$ cat query16.cif   # mmCIF, C-alpha atoms
data_input
loop_
_atom_site.label_atom_id
_atom_site.label_comp_id
_atom_site.auth_asym_id
_atom_site.auth_seq_id
_atom_site.Cartn_x
_atom_site.Cartn_y
_atom_site.Cartn_z
CA THR A 215 -3.66 9.06 -5.46
CA SER A 216 -1.08 11.84 -4.97
CA LEU A 217 1.55 11.99 -2.22
CA ARG A 218 2.49 15.62 -2.84
CA GLY A 219 0.82 16.92 0.31
CA ILE A 220 2.51 14.59 2.77
CA GLN A 221 5.83 14.92 0.92
CA CYS A 222 5.76 18.70 1.42
CA LEU A 223 5.00 18.22 5.11
CA LEU A 224 7.86 15.74 5.55
CA GLU A 225 10.33 18.09 3.89
CA GLU A 226 9.23 21.06 6.03
CA LEU A 227 9.43 19.23 9.37
CA SER A 228 12.97 19.10 10.75
CA HIS A 229 12.34 16.51 13.46
CA ILE A 230 9.62 14.57 15.27
CA ASP A 231 9.85 11.98 18.05
CA TYR A 232 6.56 10.12 17.61
CA ALA A 233 3.48 10.16 15.39
CA ILE A 234 -0.08 8.88 15.59
CA PHE A 235 -1.79 8.54 12.24
CA GLY A 236 -5.54 9.02 12.64
CA GLU A 237 -7.49 6.27 10.94
CA PRO A 238 -10.25 3.85 11.99
CA THR A 239 -9.01 1.00 14.17
CA GLY A 240 -11.67 0.83 16.84
CA LEU A 241 -11.21 2.26 20.32
CA ASN A 242 -9.22 -0.63 21.77
CA LYS A 243 -7.03 -1.48 18.79
CA ILE A 244 -3.64 -0.10 17.76
CA CYS A 245 -2.29 -0.55 14.24
CA LEU A 246 1.43 -1.39 14.41
CA ALA A 247 2.13 -2.35 10.80
CA THR A 248 0.99 -1.64 7.26
CA LYS A 249 1.87 -3.13 3.90
CA GLY A 250 3.92 -1.50 1.17
CA ARG A 251 2.73 -0.58 -2.31
CA LEU A 252 4.32 -0.57 -5.74
CA LEU A 253 2.18 0.75 -8.60
CA ILE A 254 3.52 0.13 -12.10
CA LYS A 255 2.06 1.19 -15.43
CA ILE A 256 3.08 -1.07 -18.33
CA ASP A 257 2.63 -0.34 -22.05
CA VAL A 258 2.85 -3.10 -24.65
CA HIS A 259 3.37 -2.14 -28.33
CA THR A 260 2.98 -4.35 -31.40
CA SER A 261 2.20 -3.83 -35.10
CA SER A 262 -1.42 -3.50 -36.21
CA GLY A 263 -3.51 -4.86 -39.06
CA HIS A 264 -6.96 -6.03 -40.10
CA VAL A 265 -8.43 -9.01 -38.24
CA ALA A 266 -9.09 -10.69 -41.61
CA CYS A 267 -5.37 -11.60 -41.53
CA SER A 268 -4.83 -11.50 -37.77
CA TRP A 269 -2.31 -14.36 -37.86
CA MET A 270 0.20 -11.91 -39.32
CA TYR A 271 0.20 -9.71 -36.22
CA LYS A 272 0.68 -9.95 -32.50
CA ASN A 273 -2.30 -8.82 -30.49
CA ALA A 274 -1.13 -6.21 -27.97
CA ILE A 275 -3.98 -7.02 -25.56
CA GLU A 276 -3.17 -10.72 -25.58
CA GLU A 277 0.54 -10.02 -25.17
CA ALA A 278 -0.17 -7.63 -22.30
CA PHE A 279 -2.35 -10.19 -20.55
CA ASN A 280 0.31 -12.88 -20.98
CA LEU A 281 2.86 -10.51 -19.46
CA TRP A 282 0.49 -9.84 -16.57
CA LEU A 283 0.10 -13.56 -15.91
CA SER A 284 3.88 -13.94 -15.85
CA LEU A 285 4.22 -11.05 -13.42
CA LYS A 286 1.47 -12.43 -11.20
CA ASN A 287 3.03 -15.89 -11.06
CA THR A 288 6.51 -14.53 -10.39
CA LEU A 289 5.71 -11.85 -7.84
CA SER A 290 3.02 -13.66 -5.85
CA SER A 291 4.17 -15.06 -2.55
CA THR A 292 1.81 -16.71 -0.08
CA GLY A 293 2.62 -16.19 3.60
CA ASN A 294 0.76 -17.45 6.64
CA SER A 295 -1.73 -14.60 6.28
CA TYR A 296 -2.89 -12.05 3.73
CA PHE A 297 -0.73 -9.49 5.53
CA SER A 298 2.47 -11.52 5.12
CA SER A 299 1.77 -12.32 1.46
CA VAL A 300 2.94 -10.48 -1.64
CA ILE A 301 -0.19 -9.85 -3.74
CA PRO A 302 0.00 -8.30 -7.23
CA ASN A 303 -3.29 -6.95 -8.62
CA LEU A 304 -4.31 -6.13 -12.18
CA THR A 305 -6.41 -2.99 -11.74
CA ILE A 306 -6.73 -1.37 -15.20
CA LEU A 307 -6.38 -2.87 -18.70
CA GLN A 308 -6.86 -0.64 -21.75
CA GLY A 309 -6.27 -1.46 -25.40
CA GLY A 310 -7.66 -1.50 -28.94
CA ASN A 311 -9.04 1.21 -31.24
CA ALA A 312 -11.57 -0.59 -33.43
CA PRO A 313 -13.48 -3.92 -33.34
CA ASN A 314 -11.99 -5.10 -36.65
CA ILE A 315 -8.37 -4.10 -36.05
CA VAL A 316 -5.71 -6.14 -34.25
CA PRO A 317 -4.70 -3.96 -31.27
CA GLU A 318 -1.24 -2.39 -31.52
CA HIS A 319 -1.16 -0.94 -28.02
CA CYS A 320 -2.30 -2.03 -24.59
CA SER A 321 -1.58 -0.48 -21.22
CA PHE A 322 -2.22 -2.02 -17.84
CA TYR A 323 -1.61 -1.17 -14.20
CA VAL A 324 -0.22 -3.56 -11.61
CA ASP A 325 -0.71 -2.65 -7.95
CA VAL A 326 1.52 -4.84 -5.75
CA ARG A 327 0.94 -4.98 -1.98
CA PHE A 328 3.72 -6.48 0.13
CA PRO A 329 4.67 -6.89 3.82
CA PRO A 330 7.36 -4.86 5.65
CA ASN A 331 9.95 -7.65 5.36
CA VAL A 332 9.87 -7.39 1.54
CA SER A 333 11.43 -4.36 -0.14
CA SER A 334 10.02 -2.45 -3.09
CA SER A 335 13.50 -2.66 -4.65
CA HIS A 336 13.29 -6.46 -4.72
CA ILE A 337 9.86 -6.43 -6.37
CA LEU A 338 10.96 -3.82 -8.91
CA GLU A 339 14.09 -5.80 -9.78
CA GLU A 340 12.04 -8.97 -10.27
CA SER A 341 9.53 -7.10 -12.43
CA SER A 342 12.24 -5.51 -14.56
CA ARG A 343 14.02 -8.84 -15.09
CA LEU A 344 10.79 -10.54 -16.13
CA ILE A 345 9.79 -7.73 -18.51
CA ASP A 346 13.22 -7.83 -20.19
CA SER A 347 12.92 -11.59 -20.62
CA PHE A 348 9.41 -11.23 -22.02
CA VAL A 349 10.54 -8.63 -24.58
CA LYS A 350 13.32 -10.89 -25.82
CA SER A 351 11.17 -14.00 -26.07
CA ARG A 352 8.03 -12.40 -27.54
CA LYS A 353 9.71 -9.78 -29.76
CA VAL A 354 7.44 -6.96 -28.62
CA LYS A 355 8.13 -3.50 -27.24
CA VAL A 356 7.34 -2.89 -23.58
CA ASP A 357 7.66 0.37 -21.62
CA TYR A 358 6.96 0.71 -17.92
CA SER A 359 6.97 3.41 -15.29
CA VAL A 360 6.68 3.41 -11.50
CA LEU A 361 3.79 5.61 -10.38
CA SER A 362 3.96 4.93 -6.65
CA ARG A 363 6.55 3.28 -4.44
CA ILE A 364 6.09 2.97 -0.67
CA ASP A 365 7.75 0.35 1.49
CA GLY A 366 5.89 -1.41 4.29
CA PHE A 367 6.33 -0.30 7.89
CA ARG A 368 6.24 -1.87 11.35
CA THR A 369 6.51 -0.10 14.70
CA ASN A 370 8.20 -1.63 17.73
CA ARG A 371 5.45 -2.88 20.01
CA HIS A 372 7.56 -2.01 23.07
CA SER A 373 8.15 1.66 22.18
CA LYS A 374 7.17 4.46 24.58
CA LEU A 375 4.46 5.57 22.19
CA VAL A 376 2.74 2.18 22.05
CA GLU A 377 3.06 1.78 25.82
CA ALA A 378 1.49 5.20 26.43
CA LEU A 379 -1.35 4.66 23.96
CA ALA A 380 -2.13 1.17 25.27
CA ARG A 381 -2.22 2.44 28.85
CA SER A 382 -4.56 5.27 27.89
CA ILE A 383 -6.90 2.93 26.01
CA ARG A 384 -7.18 0.58 29.00
CA GLU A 385 -7.91 3.45 31.37
CA GLU A 386 -10.53 5.14 29.17
CA THR A 387 -12.32 2.09 27.73
CA GLY A 388 -11.75 -0.58 30.37
CA LYS A 389 -10.91 -3.01 27.56
CA GLU A 390 -7.82 -5.02 26.75
CA VAL A 391 -5.75 -3.59 23.94
CA LYS A 392 -5.46 -5.49 20.66
CA PHE A 393 -2.57 -4.96 18.26
CA ILE A 394 -3.41 -5.19 14.58
CA GLN A 395 -1.73 -4.88 11.20
CA LYS A 396 -3.45 -3.55 8.10
CA THR A 397 -3.19 -4.83 4.55
CA GLY A 398 -3.49 -1.26 3.25
CA THR A 399 -0.85 1.43 2.80
CA CYS A 400 -1.04 4.87 4.37
CA PHE A 401 0.96 7.94 5.39
CA MET A 402 2.06 5.99 8.47
CA ASN A 403 4.56 4.22 6.19
CA LEU A 404 6.04 7.46 4.87
CA ILE A 405 6.30 9.20 8.24
CA GLY A 406 7.90 6.19 9.91
CA LYS A 407 10.43 5.61 7.13
CA TRP A 408 11.32 9.30 6.69
CA PHE A 409 12.01 10.07 10.36
CA ASN A 410 12.76 6.54 11.59
CA VAL A 411 10.51 7.02 14.62
CA PRO A 412 7.64 5.05 16.20
CA VAL A 413 4.38 5.61 14.31
CA VAL A 414 1.02 3.96 14.96
CA GLY A 415 -2.47 4.11 13.53
CA TYR A 416 -5.35 4.80 15.90
CA GLY A 417 -8.83 6.24 15.76
CA PRO A 418 -12.56 5.61 16.17
CA GLY A 419 -14.55 3.71 13.57
CA ASN A 420 -14.79 0.21 12.18
CA PRO A 421 -11.80 -0.52 9.90
CA ALA A 422 -13.86 -3.15 8.04
CA LEU A 423 -16.09 -0.34 6.74
CA GLU A 424 -13.21 1.91 5.65
CA HIS A 425 -13.71 3.44 2.17
CA THR A 426 -17.23 1.99 1.88
CA GLU A 427 -20.58 3.79 1.74
CA ASP A 428 -21.31 2.51 5.26
CA GLU A 429 -18.20 4.09 6.81
CA SER A 430 -19.19 6.12 9.87
CA ILE A 431 -18.02 7.23 13.31
CA GLN A 432 -20.14 7.18 16.46
CA VAL A 433 -20.01 10.50 18.32
CA GLU A 434 -19.42 8.73 21.65
CA GLU A 435 -16.46 6.85 20.18
CA TYR A 436 -15.08 10.05 18.72
CA LEU A 437 -15.18 11.82 22.09
CA THR A 438 -13.62 8.84 23.86
CA ALA A 439 -10.80 8.75 21.29
CA ILE A 440 -10.03 12.40 22.09
CA LYS A 441 -9.64 11.50 25.77
CA VAL A 442 -7.41 8.56 24.86
CA LEU A 443 -5.16 10.70 22.67
CA THR A 444 -4.96 13.50 25.26
CA LYS A 445 -3.82 11.03 27.90
CA THR A 446 -1.37 9.45 25.49
CA ILE A 447 0.34 12.78 24.81
CA ASN A 448 0.62 13.48 28.53
CA TYR A 449 2.07 10.05 29.23
CA VAL A 450 4.61 10.31 26.42
CA LEU A 451 5.75 13.71 27.68
CA SER A 452 6.08 12.40 31.22
CA TYR A 453 8.10 9.39 30.01
CA ASP A 454 10.50 11.65 28.13
CA GLN A 455 11.06 13.83 31.21
CA HIS A 456 12.33 10.91 33.27
#

$ encode --input "query16.cif" --output "structure tokens"
Amino acid sequence: TSLRGIQCLLEELSHIDYAIFGEPTGLNKICLATKGRLLIKIDVHTSSGHVACSWMYKNAIEEAFNLWLSLKNTLSSTGNSYFSSVIPNLTILQGGNAPNIVPEHCSFYVDVRFPPNVSSSHILEESSRLIDSFVKSRKVKVDYSVLSRIDGFRTNRHSKLVEALARSIREETGKEVKFIQKTGTCFMNLIGKWFNVPVVGYGPGNPALEHTEDESIQVEEYLTAIKVLTKTINYVLSYDQH
């Protein structure tokens, strides 16, 4: 969940021209785009009391869930695919200290995934505006903090890097190249945004099994991917010399 490692690397590197981020795509697929991520932690505070007179208090868990529903309805945007949609997700909800006490505190995490044409700034502004409105209307205290903020990224399909990689894939696998976009977020976003250079995702393995107990890589695929990447580097260097 930490970006400290890649951040140190980005700050130490003075310049790069291209980057290939190794992740499972399958041997004949190139990932050109990934979604952005905004992770927000929200804390809702109310006054507490015994449930025997619960009507006198505002339930922090209920208030938090109502705020979540407002955020979900406001931030959600349906595109022509899951990739082009803005999708907020409630991932953690924690509140309450005792079964007979009206909760006075509830925290929850909202993980928003959004396409490259939507900025994290826009989503954060919308979230902030809604939270302020909620506080005024519900008379509760709400604190929030941004834990992760990464904008989406898309590489130019006609860049030298993509051309070189596609050519190498065709020569080594004999298959037509497919261009894909992933609904996840990875270091590809950070590298591409930081240096403003072409970055792609490529590697052996089935992306549908990524982060599952069945994730695996066939040795033959692994060795073929090495040949593909070796050729790609040579082609890129030859392009830059002309």

$ closest_residue --input "query16.cif" --among "A:Gly406, A:Gly388, A:Pro330, A:Pro313" --to "A:His229" --atoms "only C-alpha atoms"
A:Gly406

$ closest_residue --input "query16.cif" --among "A:Ile275, A:Leu307, A:Leu443, A:Ala422" --to "A:Thr397" --atoms "only C-alpha atoms"
A:Ala422

$ closest_residue --input "query16.cif" --among "A:Val414, A:Thr260, A:Val332, A:Leu246" --to "A:Lys355" --atoms "all atoms listed in the file"
A:Thr260

$ resolve_selection --input "query16.cif" --expression "the PyMOL selection byres ((chain A and resi 417) around 8)" --output "PyMOL selection string"
chain A and resi 236-241+415-416+418-419+436+439

$ residues_near_point --input "query16.cif" --point "(-15.3, 3.5, 26.7)" --cutoff "9 Å" --atoms "only C-alpha atoms" --output "JSON, numbers by chain"
{"A": [241, 242, 383, 384, 385, 386, 387, 388, 389, 434, 435, 438, 439]}

$ closest_residue --input "query16.cif" --among "A:Ser342, A:Asn280, A:Ala274, A:Asn331" --to "A:Val316" --atoms "all atoms listed in the file"
A:Ala274

$ residues_around --input "query16.cif" --residues "A:Ser262" --least-positions-apart "3" --cutoff "10 Å" --atoms "all atoms listed in the file" --output "list in words"
His259, Val265, Ser268, Met270, Tyr271, Lys272, Asn273, Ala274, Gly310, Ile315, Val316, Pro317, Glu318 and His319 of chain A

$ resolve_selection --input "query16.cif" --expression "the PyMOL selection byres ((chain A and resi 278) around 10)" --output "PDB file with C-alpha atoms, in the frame of the given file"
ATOM      1  CA  ILE A 256       3.080  -1.070 -18.330  1.00  0.00           C
ATOM      2  CA  ASP A 257       2.630  -0.340 -22.050  1.00  0.00           C
ATOM      3  CA  VAL A 258       2.850  -3.100 -24.650  1.00  0.00           C
ATOM      4  CA  HIS A 259       3.370  -2.140 -28.330  1.00  0.00           C
ATOM      5  CA  ASN A 273      -2.300  -8.820 -30.490  1.00  0.00           C
ATOM      6  CA  ALA A 274      -1.130  -6.210 -27.970  1.00  0.00           C
ATOM      7  CA  ILE A 275      -3.980  -7.020 -25.560  1.00  0.00           C
ATOM      8  CA  GLU A 276      -3.170 -10.720 -25.580  1.00  0.00           C
ATOM      9  CA  GLU A 277       0.540 -10.020 -25.170  1.00  0.00           C
ATOM     10  CA  PHE A 279      -2.350 -10.190 -20.550  1.00  0.00           C
ATOM     11  CA  ASN A 280       0.310 -12.880 -20.980  1.00  0.00           C
ATOM     12  CA  LEU A 281       2.860 -10.510 -19.460  1.00  0.00           C
ATOM     13  CA  TRP A 282       0.490  -9.840 -16.570  1.00  0.00           C
ATOM     14  CA  LEU A 283       0.100 -13.560 -15.910  1.00  0.00           C
ATOM     15  CA  SER A 284       3.880 -13.940 -15.850  1.00  0.00           C
ATOM     16  CA  LEU A 307      -6.380  -2.870 -18.700  1.00  0.00           C
ATOM     17  CA  GLN A 308      -6.860  -0.640 -21.750  1.00  0.00           C
ATOM     18  CA  GLY A 309      -6.270  -1.460 -25.400  1.00  0.00           C
ATOM     19  CA  HIS A 319      -1.160  -0.940 -28.020  1.00  0.00           C
ATOM     20  CA  CYS A 320      -2.300  -2.030 -24.590  1.00  0.00           C
ATOM     21  CA  SER A 321      -1.580  -0.480 -21.220  1.00  0.00           C
ATOM     22  CA  PHE A 322      -2.220  -2.020 -17.840  1.00  0.00           C
ATOM     23  CA  VAL A 354       7.440  -6.960 -28.620  1.00  0.00           C
ATOM     24  CA  VAL A 356       7.340  -2.890 -23.580  1.00  0.00           C
TER      25      VAL A 356
END

$ resolve_selection --input "query16.cif" --expression "the PyMOL selection byres ((chain A and resi 450) around 12)" --output "list in words"
Asp231, Tyr232, Ala233, Ile234, Ser373, Lys374, Leu375, Val376, Glu377, Ala378, Leu379, Ala380, Arg381, Ser382, Pro412, Leu443, Thr444, Lys445, Thr446, Ile447, Asn448, Tyr449, Leu451, Ser452, Tyr453, Asp454, Gln455 and His456 of chain A

$ closest_residue --input "query16.cif" --among "A:Arg218, A:Lys353, A:Lys396, A:His425" --to "A:Cys245" --atoms "all atoms listed in the file"
A:Lys396

$ axis_aligned_box --input "query16.cif" --around "stretch 373-377 of chain A" --padding-each-side "8 Å" --output "lines of an AutoDock Vina configuration file"
center_x = 5.4
center_y = 3.6
center_z = 23.9
size_x = 21.4
size_y = 19.9
size_z = 19.8

$ atom_distance --input "query16.cif" --atom1 "atom CA of A:Ile405" --atom2 "atom CA of A:Ser362"
15.7 Å

$ closest_residue --input "query16.cif" --among "A:Thr248, A:Asn294, A:Asn420, A:Asn303" --to "A:Pro329" --atoms "only C-alpha atoms"
A:Thr248

$ atom_distance --input "query16.cif" --atom1 "atom CA of A:Arg327" --atom2 "atom CA of A:Ser295"
13.0 Å
